[in-house]
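> This is model-v5.txt (compact mmCIF, C-alpha atoms and all ligand atoms).
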```txt
# COMPACT_ATOMS: atom_id res chain seq x y z
CA MET A 1 123.16 84.68 73.97
CA HIS A 2 120.47 83.97 76.50
CA THR A 3 118.65 86.74 78.25
CA LEU A 4 117.87 85.76 81.82
CA PRO A 5 114.32 86.44 82.96
CA GLY A 6 115.40 88.64 85.86
CA PRO A 7 118.06 89.15 88.49
CA HIS A 8 116.15 87.22 91.17
CA GLN A 9 115.96 84.19 88.91
CA GLU A 10 119.69 83.70 89.43
CA GLU A 11 118.98 83.11 93.10
CA LEU A 12 117.03 80.00 92.16
CA ARG A 13 120.00 78.47 90.39
CA SER A 14 122.53 78.61 93.18
CA ALA A 15 122.09 75.07 94.46
CA PRO A 16 124.19 72.61 92.50
CA SER A 17 124.12 69.86 95.13
CA GLU A 18 122.00 68.60 98.02
CA LEU A 19 124.52 69.82 100.55
CA GLN A 20 123.74 73.35 99.50
CA VAL A 21 121.04 75.58 100.92
CA PRO A 22 119.59 77.49 97.96
CA PHE A 23 118.52 81.07 98.62
CA HIS A 24 114.97 80.28 97.61
CA ARG A 25 112.77 77.45 96.53
CA ALA A 26 109.09 78.07 95.73
CA ALA A 27 106.60 76.09 97.81
CA VAL A 28 104.77 74.47 94.91
CA GLY A 29 103.70 70.87 94.55
CA GLU A 30 101.19 68.42 93.13
CA GLU A 31 98.20 70.55 94.11
CA GLU A 32 99.40 73.39 91.91
CA VAL A 33 100.20 71.00 89.05
CA GLN A 34 96.68 69.54 89.36
CA ALA A 35 94.97 72.94 89.40
CA VAL A 36 96.95 74.26 86.42
CA SER A 37 96.38 71.02 84.46
CA GLU A 38 92.63 71.25 84.98
CA VAL A 39 92.56 74.75 83.50
CA ILE A 40 94.68 73.72 80.53
CA ARG A 41 92.34 70.76 79.90
CA SER A 42 89.29 73.05 80.15
CA GLY A 43 90.47 74.81 76.99
CA TRP A 44 90.19 78.32 78.48
CA LEU A 45 93.77 79.59 78.63
CA THR A 46 93.75 83.33 79.13
CA MET A 47 91.96 85.56 81.65
CA GLY A 48 88.55 84.15 82.51
CA PRO A 49 86.55 82.59 85.35
CA LYS A 50 89.60 81.41 87.37
CA THR A 51 91.10 84.89 87.32
CA PHE A 52 87.84 86.47 88.53
CA GLU A 53 87.64 83.85 91.29
CA PHE A 54 91.27 84.56 92.27
CA GLU A 55 90.51 88.29 92.46
CA LYS A 56 87.48 87.66 94.67
CA GLU A 57 89.34 85.32 97.03
CA PHE A 58 92.37 87.61 97.18
CA ALA A 59 90.23 90.65 98.05
CA LYS A 60 88.58 88.63 100.81
CA TYR A 61 91.94 87.42 102.14
CA VAL A 62 93.48 90.88 102.52
CA GLY A 63 90.19 92.61 103.37
CA ALA A 64 90.08 94.83 100.29
CA GLN A 65 87.03 96.01 98.38
CA HIS A 66 88.43 95.46 94.89
CA ALA A 67 91.25 93.33 93.54
CA VAL A 68 92.54 93.53 89.96
CA ALA A 69 94.78 90.71 88.72
CA VAL A 70 97.65 91.62 86.41
CA SER A 71 100.63 90.00 84.72
CA THR A 72 103.39 91.30 87.06
CA GLY A 73 103.96 93.39 90.16
CA THR A 74 105.57 95.98 87.93
CA ALA A 75 102.36 96.17 85.85
CA ALA A 76 100.41 96.60 89.12
CA LEU A 77 102.54 99.64 90.00
CA HIS A 78 102.22 101.08 86.49
CA LEU A 79 98.41 100.72 86.37
CA SER A 80 98.00 102.14 89.90
CA LEU A 81 100.10 105.21 89.15
CA GLU A 82 98.22 105.69 85.88
CA ALA A 83 94.85 105.42 87.65
CA ALA A 84 96.12 107.85 90.30
CA GLY A 85 96.65 110.37 87.51
CA VAL A 86 100.44 110.51 87.61
CA GLN A 87 101.60 112.27 84.44
CA ALA A 88 104.70 113.46 82.64
CA GLY A 89 106.55 116.02 84.72
CA ASP A 90 105.11 114.85 88.06
CA GLU A 91 107.32 113.68 90.91
CA VAL A 92 106.81 110.47 92.89
CA LEU A 93 108.55 109.76 96.21
CA LEU A 94 109.98 106.31 96.87
CA PRO A 95 112.81 104.83 98.94
CA THR A 96 116.23 104.37 97.37
CA THR A 97 116.35 100.92 99.05
CA THR A 98 114.05 99.03 96.69
CA PHE A 99 114.01 97.01 93.49
CA THR A 100 114.25 99.03 90.28
CA ALA A 101 110.63 98.09 89.37
CA THR A 102 109.27 100.56 91.96
CA ALA A 103 110.98 103.51 90.25
CA GLU A 104 110.81 102.15 86.72
CA ALA A 105 106.99 102.19 86.82
CA VAL A 106 107.16 105.93 87.58
CA THR A 107 109.34 106.54 84.51
CA TYR A 108 106.83 104.66 82.28
CA LEU A 109 104.50 107.65 82.77
CA GLY A 110 107.21 110.23 82.11
CA ALA A 111 107.24 111.17 85.77
CA ARG A 112 110.35 111.54 87.93
CA PRO A 113 111.25 109.11 90.71
CA VAL A 114 112.38 111.17 93.72
CA LEU A 115 114.44 108.96 95.99
CA VAL A 116 114.13 109.10 99.77
CA ASP A 117 116.46 107.85 102.52
CA ILE A 118 115.49 105.08 104.92
CA ASP A 119 115.01 104.53 108.63
CA PRO A 120 118.15 102.55 109.50
CA ASP A 121 116.23 100.47 112.03
CA THR A 122 113.52 99.00 109.76
CA MET A 123 115.22 99.89 106.44
CA ASN A 124 111.84 101.24 105.28
CA VAL A 125 111.28 104.72 103.84
CA ASP A 126 111.76 107.52 106.37
CA PRO A 127 108.60 109.71 106.34
CA GLU A 128 110.54 112.74 107.65
CA ASP A 129 113.04 112.54 104.82
CA ALA A 130 110.13 112.11 102.40
CA ALA A 131 108.51 115.29 103.76
CA ARG A 132 111.70 117.26 103.07
CA ARG A 133 111.63 116.25 99.41
CA ILE A 134 108.04 117.32 98.64
CA THR A 135 107.70 120.02 95.96
CA PRO A 136 104.64 121.46 94.15
CA LYS A 137 105.19 118.72 91.53
CA THR A 138 104.96 115.81 93.99
CA LYS A 139 101.96 113.71 93.07
CA ALA A 140 102.34 110.40 94.89
CA ILE A 141 104.40 108.35 97.33
CA ILE A 142 105.26 104.65 97.05
CA PRO A 143 106.08 103.12 100.43
CA VAL A 144 107.84 99.76 100.00
CA HIS A 145 107.35 97.24 102.81
CA LEU A 146 110.87 95.86 102.77
CA GLY A 147 111.04 92.17 103.53
CA GLY A 148 107.38 92.28 104.61
CA GLN A 149 107.45 94.72 107.52
CA PRO A 150 104.90 97.49 106.86
CA CYS A 151 106.17 101.07 106.63
CA ASP A 152 105.13 103.86 109.05
CA MET A 153 101.73 104.13 107.39
CA ASP A 154 100.20 106.62 109.89
CA GLU A 155 102.97 109.12 109.18
CA ILE A 156 102.81 108.46 105.44
CA GLN A 157 99.01 108.86 105.32
CA ALA A 158 99.26 112.10 107.32
CA LEU A 159 101.87 113.43 104.89
CA ALA A 160 99.68 112.41 101.96
CA ARG A 161 96.64 114.18 103.43
CA VAL A 162 98.48 117.46 104.04
CA HIS A 163 100.20 117.54 100.64
CA HIS A 164 97.42 115.87 98.59
CA LEU A 165 99.55 112.92 97.56
CA ARG A 166 98.20 109.60 96.32
CA VAL A 167 99.54 106.56 98.16
CA VAL A 168 100.53 103.48 96.15
CA GLU A 169 101.96 100.77 98.39
CA ASP A 170 104.59 98.46 96.94
CA ALA A 171 103.57 95.31 98.81
CA ALA A 172 105.61 92.93 96.65
CA HIS A 173 107.02 91.51 99.92
CA ALA A 174 104.01 91.99 102.16
CA LEU A 175 101.65 89.05 101.74
CA PRO A 176 100.48 88.53 104.40
CA SER A 177 101.52 91.46 106.61
CA GLU A 178 99.60 93.60 109.10
CA TYR A 179 99.72 97.17 110.29
CA GLN A 180 97.88 97.96 113.52
CA GLY A 181 95.74 94.89 113.08
CA LYS A 182 94.84 95.64 109.47
CA ARG A 183 96.15 93.47 106.71
CA VAL A 184 98.27 95.16 104.05
CA GLY A 185 95.96 95.54 101.06
CA GLN A 186 93.21 97.45 102.87
CA ILE A 187 95.18 100.43 104.20
CA SER A 188 95.89 102.74 101.27
CA GLU A 189 94.07 103.71 98.11
CA PHE A 190 96.33 101.39 96.06
CA THR A 191 98.32 98.32 97.11
CA CYS A 192 100.45 96.38 94.62
CA PHE A 193 101.43 92.73 95.10
CA SER A 194 103.83 90.57 93.10
CA PHE A 195 103.55 86.83 92.42
CA TYR A 196 107.03 86.52 90.94
CA ALA A 197 108.80 83.17 91.38
CA THR A 198 110.64 84.21 94.56
CA LYS A 199 107.72 85.93 96.33
CA THR A 200 105.64 84.55 99.23
CA LEU A 201 102.79 83.65 96.87
CA THR A 202 103.79 82.75 93.35
CA THR A 203 102.16 82.16 89.99
CA GLY A 204 105.55 82.22 88.21
CA GLU A 205 104.83 85.75 87.09
CA GLY A 206 101.82 87.72 88.24
CA GLY A 207 100.52 90.58 90.30
CA MET A 208 97.46 92.07 91.99
CA ILE A 209 96.26 95.55 92.83
CA THR A 210 93.83 96.11 95.68
CA THR A 211 91.93 99.37 96.05
CA HIS A 212 88.94 100.85 97.85
CA ASN A 213 88.34 103.29 94.98
CA PRO A 214 85.71 101.77 92.63
CA GLU A 215 86.48 104.18 89.76
CA ALA A 216 90.18 103.37 89.97
CA ALA A 217 89.38 99.63 89.95
CA GLU A 218 87.26 100.14 86.84
CA ARG A 219 90.01 102.18 85.16
CA MET A 220 92.66 99.54 85.90
CA ARG A 221 90.47 96.69 84.59
CA PHE A 222 89.97 98.67 81.42
CA MET A 223 93.61 99.66 80.98
CA ARG A 224 94.99 96.17 81.68
CA LEU A 225 93.34 94.94 78.48
CA HIS A 226 94.11 97.45 75.72
CA GLY A 227 91.78 100.24 76.87
CA ILE A 228 88.89 98.42 75.26
CA GLU A 229 85.44 99.41 76.50
CA ARG A 230 83.60 96.34 77.66
CA ASP A 231 80.23 98.06 77.92
CA ALA A 232 80.37 98.54 74.18
CA TRP A 233 80.41 94.74 73.89
CA LYS A 234 77.25 94.54 75.98
CA ARG A 235 75.55 97.36 74.11
CA TYR A 236 76.16 95.77 70.75
CA ARG A 237 75.85 92.15 71.79
CA GLY A 238 72.52 91.99 69.98
CA ASN A 239 74.24 92.89 66.74
CA GLY A 240 77.24 90.63 67.23
CA SER A 241 79.85 89.99 69.90
CA TRP A 242 82.64 91.04 67.53
CA PHE A 243 82.11 94.71 68.29
CA TYR A 244 84.45 96.68 70.56
CA GLU A 245 85.59 100.24 71.06
CA VAL A 246 89.15 101.29 71.83
CA LEU A 247 88.91 104.33 74.11
CA GLU A 248 92.53 104.57 75.27
CA ALA A 249 95.99 103.30 74.32
CA GLY A 250 95.88 100.67 77.07
CA PHE A 251 98.27 97.91 78.05
CA LYS A 252 98.48 94.11 77.82
CA TYR A 253 98.71 93.33 81.50
CA ASN A 254 96.13 90.59 82.12
CA LEU A 255 96.81 87.38 84.08
CA THR A 256 96.02 83.95 82.60
CA ASP A 257 93.51 81.50 84.07
CA PHE A 258 96.12 78.80 84.66
CA GLN A 259 98.27 81.24 86.62
CA SER A 260 95.18 82.23 88.63
CA ALA A 261 94.41 78.57 89.33
CA MET A 262 97.91 78.25 90.79
CA GLY A 263 97.37 81.49 92.71
CA LEU A 264 94.19 80.11 94.30
CA VAL A 265 96.05 77.03 95.58
CA GLN A 266 98.88 79.21 96.88
CA LEU A 267 96.46 81.62 98.54
CA ALA A 268 94.86 78.77 100.48
CA LYS A 269 98.33 77.90 101.84
CA SER A 270 99.39 81.50 102.49
CA ASP A 271 98.80 81.47 106.28
CA SER A 272 100.52 78.13 106.87
CA MET A 273 103.47 79.18 104.68
CA ARG A 274 103.84 82.30 106.81
CA VAL A 275 103.79 80.22 110.00
CA ALA A 276 106.64 78.14 108.54
CA ARG A 277 108.72 81.22 107.66
CA GLU A 278 108.02 82.75 111.05
CA ALA A 279 109.34 79.63 112.79
CA ILE A 280 112.57 79.85 110.77
CA ALA A 281 112.92 83.55 111.60
CA GLN A 282 112.50 82.72 115.28
CA ARG A 283 115.24 80.09 115.06
CA TYR A 284 117.61 82.59 113.44
CA THR A 285 116.78 85.31 115.94
CA ASP A 286 117.28 82.98 118.90
CA ALA A 287 120.65 81.89 117.53
CA PHE A 288 121.96 85.33 116.54
CA SER A 289 120.58 87.82 119.07
CA SER A 290 123.33 87.31 121.63
CA ARG A 291 126.14 87.81 119.11
CA GLU A 292 127.40 91.37 119.19
CA GLU A 293 128.74 91.16 115.61
CA LEU A 294 125.21 90.60 114.29
CA VAL A 295 122.08 92.74 114.19
CA ILE A 296 118.82 90.83 113.96
CA PRO A 297 115.79 92.34 112.17
CA THR A 298 113.41 94.22 114.44
CA VAL A 299 109.66 94.08 114.01
CA ARG A 300 107.69 97.03 115.38
CA GLU A 301 105.11 96.16 118.00
CA ASP A 302 102.11 97.34 115.99
CA ARG A 303 103.08 95.33 112.89
CA GLY A 304 103.11 91.79 111.58
CA THR A 305 105.54 90.79 108.85
CA SER A 306 105.18 88.19 106.13
CA TRP A 307 108.84 87.23 106.75
CA HIS A 308 109.44 87.30 103.00
CA LEU A 309 113.04 88.16 103.85
CA TYR A 310 115.27 87.69 106.87
CA ILE A 311 117.70 90.59 106.58
CA LEU A 312 120.69 90.13 108.85
CA ARG A 313 123.01 93.07 109.40
CA LEU A 314 126.67 92.99 110.36
CA ARG A 315 128.39 95.23 112.89
CA LEU A 316 131.22 96.02 110.52
CA ASP A 317 133.09 97.88 113.28
CA ARG A 318 133.46 94.56 115.09
CA LEU A 319 134.53 92.54 112.04
CA LYS A 320 137.82 92.24 110.22
CA LYS A 321 136.19 91.67 106.85
CA ASP A 322 133.33 93.19 104.89
CA ARG A 323 129.83 92.02 103.96
CA ASN A 324 130.89 90.65 100.59
CA SER A 325 133.52 88.44 102.26
CA PHE A 326 130.85 87.32 104.76
CA ILE A 327 128.57 86.23 101.90
CA GLU A 328 131.48 84.42 100.20
CA ALA A 329 132.27 82.60 103.43
CA LEU A 330 128.62 81.50 103.78
CA GLN A 331 128.73 80.31 100.19
CA ARG A 332 131.77 78.16 101.06
CA HIS A 333 129.66 76.67 103.86
CA GLY A 334 126.99 75.83 101.27
CA VAL A 335 124.62 78.68 102.11
CA ALA A 336 123.40 80.99 99.34
CA CYS A 337 122.49 84.54 100.34
CA SER A 338 121.26 87.64 98.61
CA VAL A 339 121.21 91.41 99.20
CA HIS A 340 118.04 93.53 99.28
CA PHE A 341 118.66 95.95 97.74
CA ILE A 342 121.50 97.77 96.04
CA PRO A 343 120.16 101.32 96.55
CA LEU A 344 118.83 102.85 93.35
CA HIS A 345 121.07 105.93 93.66
CA LEU A 346 124.08 103.62 93.22
CA GLN A 347 122.74 102.27 89.92
CA PRO A 348 124.12 103.67 86.65
CA TYR A 349 120.70 104.47 85.16
CA TYR A 350 119.45 106.53 88.12
CA GLN A 351 122.78 108.37 88.27
CA ARG A 352 122.79 109.10 84.53
CA ALA A 353 119.11 109.97 84.04
CA HIS A 354 118.24 111.52 87.40
CA GLY A 355 121.54 112.92 88.67
CA TYR A 356 121.95 110.78 91.77
CA GLN A 357 125.38 109.90 93.11
CA PRO A 358 127.07 107.89 95.85
CA GLY A 359 126.76 109.64 99.19
CA ASP A 360 123.29 111.07 98.48
CA PHE A 361 121.57 108.72 100.96
CA PRO A 362 124.06 107.91 103.71
CA ARG A 363 121.70 105.78 105.84
CA ALA A 364 120.61 103.61 102.91
CA GLU A 365 124.25 103.16 101.93
CA GLY A 366 125.30 102.29 105.45
CA GLU A 367 122.68 99.55 105.71
CA TYR A 368 123.40 98.33 102.19
CA TYR A 369 127.05 97.67 102.98
CA SER A 370 126.17 95.75 106.14
CA CYS A 371 123.11 93.71 105.11
CA LEU A 372 122.54 90.25 103.73
CA SER A 373 119.39 88.19 103.27
CA LEU A 374 119.39 84.61 104.56
CA PRO A 375 117.38 81.74 103.06
CA ILE A 376 113.83 81.64 104.51
CA TYR A 377 111.11 79.57 102.84
CA PRO A 378 108.63 76.87 103.92
CA GLY A 379 110.47 74.00 102.23
CA MET A 380 113.66 74.41 104.30
CA THR A 381 114.55 71.24 106.17
CA GLU A 382 115.70 71.10 109.78
CA LEU A 383 119.15 70.23 108.46
CA GLN A 384 119.21 73.26 106.19
CA ILE A 385 118.08 75.64 108.93
CA ASN A 386 120.84 74.32 111.19
CA GLN A 387 123.35 74.61 108.38
CA VAL A 388 122.50 78.31 107.89
CA ILE A 389 122.75 78.97 111.62
CA SER A 390 126.11 77.28 112.05
CA ALA A 391 127.53 78.87 108.88
CA VAL A 392 126.60 82.33 110.17
CA LEU A 393 127.93 81.67 113.68
CA ILE A 394 131.20 80.15 112.45
CA THR A 395 131.76 83.03 110.02
CA ALA A 396 130.96 85.69 112.63
CA ALA A 397 133.43 84.07 115.04
CA GLU A 398 136.07 83.84 112.31
CA PHE A 399 135.68 87.49 111.28
CA ARG A 400 135.39 88.90 114.79
CA ILE A 401 137.91 91.49 115.91
CA VAL A 402 139.33 90.18 119.16
CA ARG A 403 139.78 93.18 121.39
CA ALA A 404 142.78 93.51 123.62
CA VAL A 405 141.55 93.20 127.16
CA ALA A 406 142.85 95.89 129.55
CA THR A 407 144.33 93.49 132.03
CA ASN A 408 147.54 91.50 132.13
CA ALA A 409 145.94 88.60 133.96
CA ASN A 410 144.68 86.76 130.89
CA PRO A 411 146.21 87.68 127.51
CA ILE A 412 144.08 85.08 125.66
CA ALA A 413 140.81 87.00 125.56
C1 LIG B 1 109.53 91.76 92.97
C2 LIG B 1 109.38 93.22 93.23
C3 LIG B 1 108.65 94.06 92.38
C4 LIG B 1 108.19 93.68 91.00
O1 LIG B 1 107.44 92.59 90.90
P1 LIG B 1 107.39 91.74 89.51
O2 LIG B 1 106.23 90.85 89.73
O3 LIG B 1 108.69 91.01 89.39
O4 LIG B 1 107.18 92.71 88.41
C5 LIG B 1 108.42 95.37 92.78
N1 LIG B 1 108.91 95.84 93.94
C6 LIG B 1 109.65 95.08 94.76
C7 LIG B 1 110.16 95.68 96.03
C8 LIG B 1 109.92 93.75 94.42
O5 LIG B 1 110.71 93.00 95.24
```
Mind converting the file's structure to structure tokens?


Amino acid sequence: MHTLPGPHQEELRSAPSELQVPFHRAAVGEEEVQAVSEVIRSGWLTMGPKTFEFEKEFAKYVGAQHAVAVSTGTAALHLSLEAAGVQAGDEVLLPTTTFTATAEAVTYLGARPVLVDIDPDTMNVDPEDAARRITPKTKAIIPVHLGGQPCDMDEIQALARVHHLRVVEDAAHALPSEYQGKRVGQISEFTCFSFYATKTLTTGEGGMITTHNPEAAERMRFMRLHGIERDAWKRYRGNGSWFYEVLEAGFKYNLTDFQSAMGLVQLAKSDSMRVAREAIAQRYTDAFSSREELVIPTVREDRGTSWHLYILRLRLDRLKKDRNSFIEALQRHGVACSVHFIPLHLQPYYQRAHGYQPGDFPRAEGEYYSCLSLPIYPGMTELQINQVISAVLITAAEFRIVRAVATNANPIA
């Protein structure tokens, strides 16, 4: 039996014919093929000069002091939490509305993921609910910028200052995003990016951590490659470059040079790819905002979103059918959708291992049952954008509850 690489990968398969609008298609082309080929021909395959160049350019792009390239976004979270000193028995706050990777990285260190409810407007972590869940064991908080819109970072930073929490941002969706004019990647002590196949910048698999803490950057560079001390190499170079010292049980989390070469090409296109997604979001918002069965995503005034996702919500009280039926109807119209995310407290593992149960986070659940993510990526054609819009409008009209009008003049309301 085959093991699929990940749940998101399925989203890439859902387009059997040209009439279909797949949920996602990565914006990669000849330039990426060229850059990767050059590295393969150079003979240097693993982490090397291209990776260091990618780190430098990435840090410059987001305005960070240090950038550490790693093999996945999950590895980025793991290394950040480790460098922040999270240990067995500690508690780490994170929203229930996220991908399992956010919480899974906490469990790698033997710490406990403490789930937090969301703000139903942005679907991001609610700082007030986070504050209520702080205990003497709370060591860190992981705000997740859902779909690309930054969390309430002022409130989160204030909470962190008062309670001495480390802040590790899960910015898997937030490249490029801004909070009060600052790009995500320069705001908190740690910011973790993902370059997974469906993300706004992709290297197939990959990740990056940005930090303004030089010791943490050093620690993460050391731990991403087996906990081997590089200075020992320098010290003993005179005697032979074969010498190394293992100072910790580290990890194997480095990125390869051919992935970094692809990352550099993608990074150069990052702004124009955002412009393309933004234009699609604008088209959707223009088409849907006057429909009372639909709730369009709101972007706070002091923030800029990457538009990694366009999360549409349904006014279920005005519809005859549920979200799942809505998605099935869109599928029949050739439009593939997704859902971000099934709250973690509804997942068997988090219920079994951490005692969560349905009903624990009513706001997250409410939004979960009403949300769907529409296709939004630079390669979408005009035809495809129009197809999504008409599929959504037709389905909303079909599912709408027609209210009896309190007049006998016109029974056909
Ligand atoms: C994709 C994703 C991750 C994990 O990234 P990988 O590169 O797949 O390990 C973490 N958090 C969120 C919210 C994500 O969507």

> Tell me, as a list in words, which residues lie within 9 Å of Thr74 (chain A), counting only C-alpha atoms; anything in the same chain fewer than 5 positions away does not count.

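What passes the distance filter is Leu79, Ala101, Thr102, Glu104, Ala105, Cys192, Phe193, Ser194 and Gly207 of chain A.
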
> If you count only C-alpha atoms, which residues fall within 10 Å of Leu294 (chain A), apart from same-chain ones fewer than 2 positions away, as a short mmCIF file (atom, residue, chain, number, x, y, z; two decimals) with C-alpha atoms, in the frame of the given file?


```cif
data_model
loop_
_atom_site.label_atom_id
_atom_site.label_comp_id
_atom_site.auth_asym_id
_atom_site.auth_seq_id
_atom_site.Cartn_x
_atom_site.Cartn_y
_atom_site.Cartn_z
CA PHE A 288 121.96 85.33 116.54
CA SER A 289 120.58 87.82 119.07
CA SER A 290 123.33 87.31 121.63
CA ARG A 291 126.14 87.81 119.11
CA GLU A 292 127.40 91.37 119.19
CA ILE A 296 118.82 90.83 113.96
CA PRO A 297 115.79 92.34 112.17
CA LEU A 312 120.69 90.13 108.85
CA ARG A 313 123.01 93.07 109.40
CA LEU A 314 126.67 92.99 110.36
CA ARG A 315 128.39 95.23 112.89
CA LEU A 316 131.22 96.02 110.52
CA ARG A 318 133.46 94.56 115.09
CA LEU A 319 134.53 92.54 112.04
CA SER A 370 126.17 95.75 106.14
CA CYS A 371 123.11 93.71 105.11
CA VAL A 392 126.60 82.33 110.17
CA LEU A 393 127.93 81.67 113.68
CA ALA A 396 130.96 85.69 112.63
#
```

> Looking at all atoms listed in the file, which of A:Tyr253, A:Phe23, A:Tyr284, A:Tyr369 is the one that sits closest to ligand LIG 1 (chain B)?

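The shortest atom-to-atom distance to ligand LIG 1 (chain B) comes from A:Tyr253.
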
> Go through chain A residue by residue and, counting only C-alpha atoms and all ligand atoms, keep those with an atom at most 9 Å from ligand LIG 1 (chain B); for each kept residue give the shortest atom pair and its distance in Å to one decimal, ordered by chain and increasing number, as a Markdown table.


```
| residue | atom | partner | partner_atom | distance |
| --- | --- | --- | --- | --- |
| A:Gly6 | CA | B:LIG1 | O3 | 7.9 |
| A:His8 | CA | B:LIG1 | C1 | 8.2 |
| A:Ser71 | CA | B:LIG1 | O2 | 7.6 |
| A:Thr72 | CA | B:LIG1 | O2 | 3.9 |
| A:Gly73 | CA | B:LIG1 | O2 | 3.4 |
| A:Thr74 | CA | B:LIG1 | O4 | 3.7 |
| A:Ala75 | CA | B:LIG1 | O4 | 6.5 |
| A:Ala76 | CA | B:LIG1 | O4 | 7.8 |
| A:Leu77 | CA | B:LIG1 | C5 | 7.8 |
| A:Thr97 | CA | B:LIG1 | C7 | 8.7 |
| A:Thr98 | CA | B:LIG1 | C7 | 5.2 |
| A:Phe99 | CA | B:LIG1 | C7 | 4.8 |
| A:Thr100 | CA | B:LIG1 | N1 | 7.2 |
| A:Ala101 | CA | B:LIG1 | C5 | 4.9 |
| A:Thr102 | CA | B:LIG1 | N1 | 5.1 |
| A:Ala103 | CA | B:LIG1 | N1 | 8.8 |
| A:Val144 | CA | B:LIG1 | C7 | 6.1 |
| A:His145 | CA | B:LIG1 | C7 | 7.5 |
| A:Leu146 | CA | B:LIG1 | C7 | 6.8 |
| A:Gly147 | CA | B:LIG1 | C7 | 8.3 |
| A:Asp170 | CA | B:LIG1 | N1 | 5.9 |
| A:Ala171 | CA | B:LIG1 | C7 | 7.2 |
| A:Ala172 | CA | B:LIG1 | C8 | 4.9 |
| A:His173 | CA | B:LIG1 | O5 | 6.1 |
| A:Cys192 | CA | B:LIG1 | C5 | 8.2 |
| A:Phe193 | CA | B:LIG1 | O1 | 7.3 |
| A:Ser194 | CA | B:LIG1 | O2 | 4.1 |
| A:Phe195 | CA | B:LIG1 | O2 | 5.5 |
| A:Tyr196 | CA | B:LIG1 | O2 | 4.6 |
| A:Ala197 | CA | B:LIG1 | O3 | 8.1 |
| A:Thr198 | CA | B:LIG1 | C1 | 7.8 |
| A:Lys199 | CA | B:LIG1 | C1 | 7.0 |
| A:Gly204 | CA | B:LIG1 | O2 | 8.8 |
| A:Glu205 | CA | B:LIG1 | O2 | 5.9 |
| A:Gly206 | CA | B:LIG1 | O2 | 5.6 |
| A:Gly207 | CA | B:LIG1 | O2 | 5.7 |
| A:His340 | CA | B:LIG1 | O5 | 8.4 |
| A:Phe341 | CA | B:LIG1 | C7 | 8.7 |
```

> Please provide the set of residues having any atom within 12 Å of Lys60 (chain A), restricted to all atoms listed in the file, with same-chain residues fewer than 2 positions apart removed, written as an MDAnalysis selection string.

chainID A and resid 53:58 62:67 183 185:186 210 267:268

> From the options A:Leu330, A:Val68, A:Leu115, A:Leu93, which residue's atoms come nearest to Pro214 (chain A), counting all atoms listed in the file?

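Answer, going by the shortest atom-to-atom distance: A:Val68.
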
> With all atoms listed in the file as the counted atoms, please give the residues lying no more than 9 Å from Glu82 (chain A), apart from itself and same-chain residues fewer than 6 positions off, as JSON, numbers by chain.

{"A": [109, 219, 220]}

> Export, as an mmCIF file, in the frame of the given file, the selected residues with C-alpha atoms.


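Written file, part.cif:
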```
data_model
loop_
_atom_site.group_PDB
_atom_site.id
_atom_site.type_symbol
_atom_site.label_atom_id
_atom_site.label_comp_id
_atom_site.auth_asym_id
_atom_site.auth_seq_id
_atom_site.Cartn_x
_atom_site.Cartn_y
_atom_site.Cartn_z
ATOM 1 C CA LEU A 109 104.500 107.650 82.770
ATOM 2 C CA ARG A 219 90.010 102.180 85.160
ATOM 3 C CA MET A 220 92.660 99.540 85.900
#
```

> Quote the spacing between CA of Arg283 (chain A) and CA of Ile389 (chain A) in Å to one decimal place.

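For CA of Arg283 (chain A) relative to CA of Ile389 (chain A), the distance reads 8.3 Å.
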
> So which one's closest to Met273 (chain A), A:Gln87, A:Arg332, A:Ser306, A:Thr298? Using only C-alpha atoms, please.

A:Ser306

> Figure out the distance between CA of Ala336 (chain A) and CA of Asp121 (chain A), please, to one decimal in Å.

24.3 Å

> Which neighbours of Leu374 (chain A) fall inside 9 Å, counting all atoms listed in the file, when residues of the same chain fewer than 3 positions from it are skipped, and could you give them as a list in words?

Phe23, Leu309, Tyr310, Ile311, Leu312, Val335, Ala336, Cys337, Ser338, Val339 and Val388 of chain A

> Could you work out how far CA of Ala130 (chain A) lies from CA of Arg161 (chain A), giving the answer in Å with one decimal?

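If I compute the distance from CA of Arg161 (chain A) to CA of Ala130 (chain A), I get 13.7 Å.
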
> Determine the axis-aligned bounding box of all atoms of region 272-284 of chain A present in the file, pad each side by 8 Å, and express its centre and edge lengths in Å to one decimal place as AutoDock Vina command-line options.


```
--center_x 109.1 --center_y 80.8 --center_z 110.0 --size_x 33.1 --size_y 21.4 --size_z 26.6
```

> Find the residue from A:Glu32, A:Glu398, A:Glu382, A:Glu189 that sits nearest to Leu264 (chain A); use only C-alpha atoms when measuring.

A:Glu32
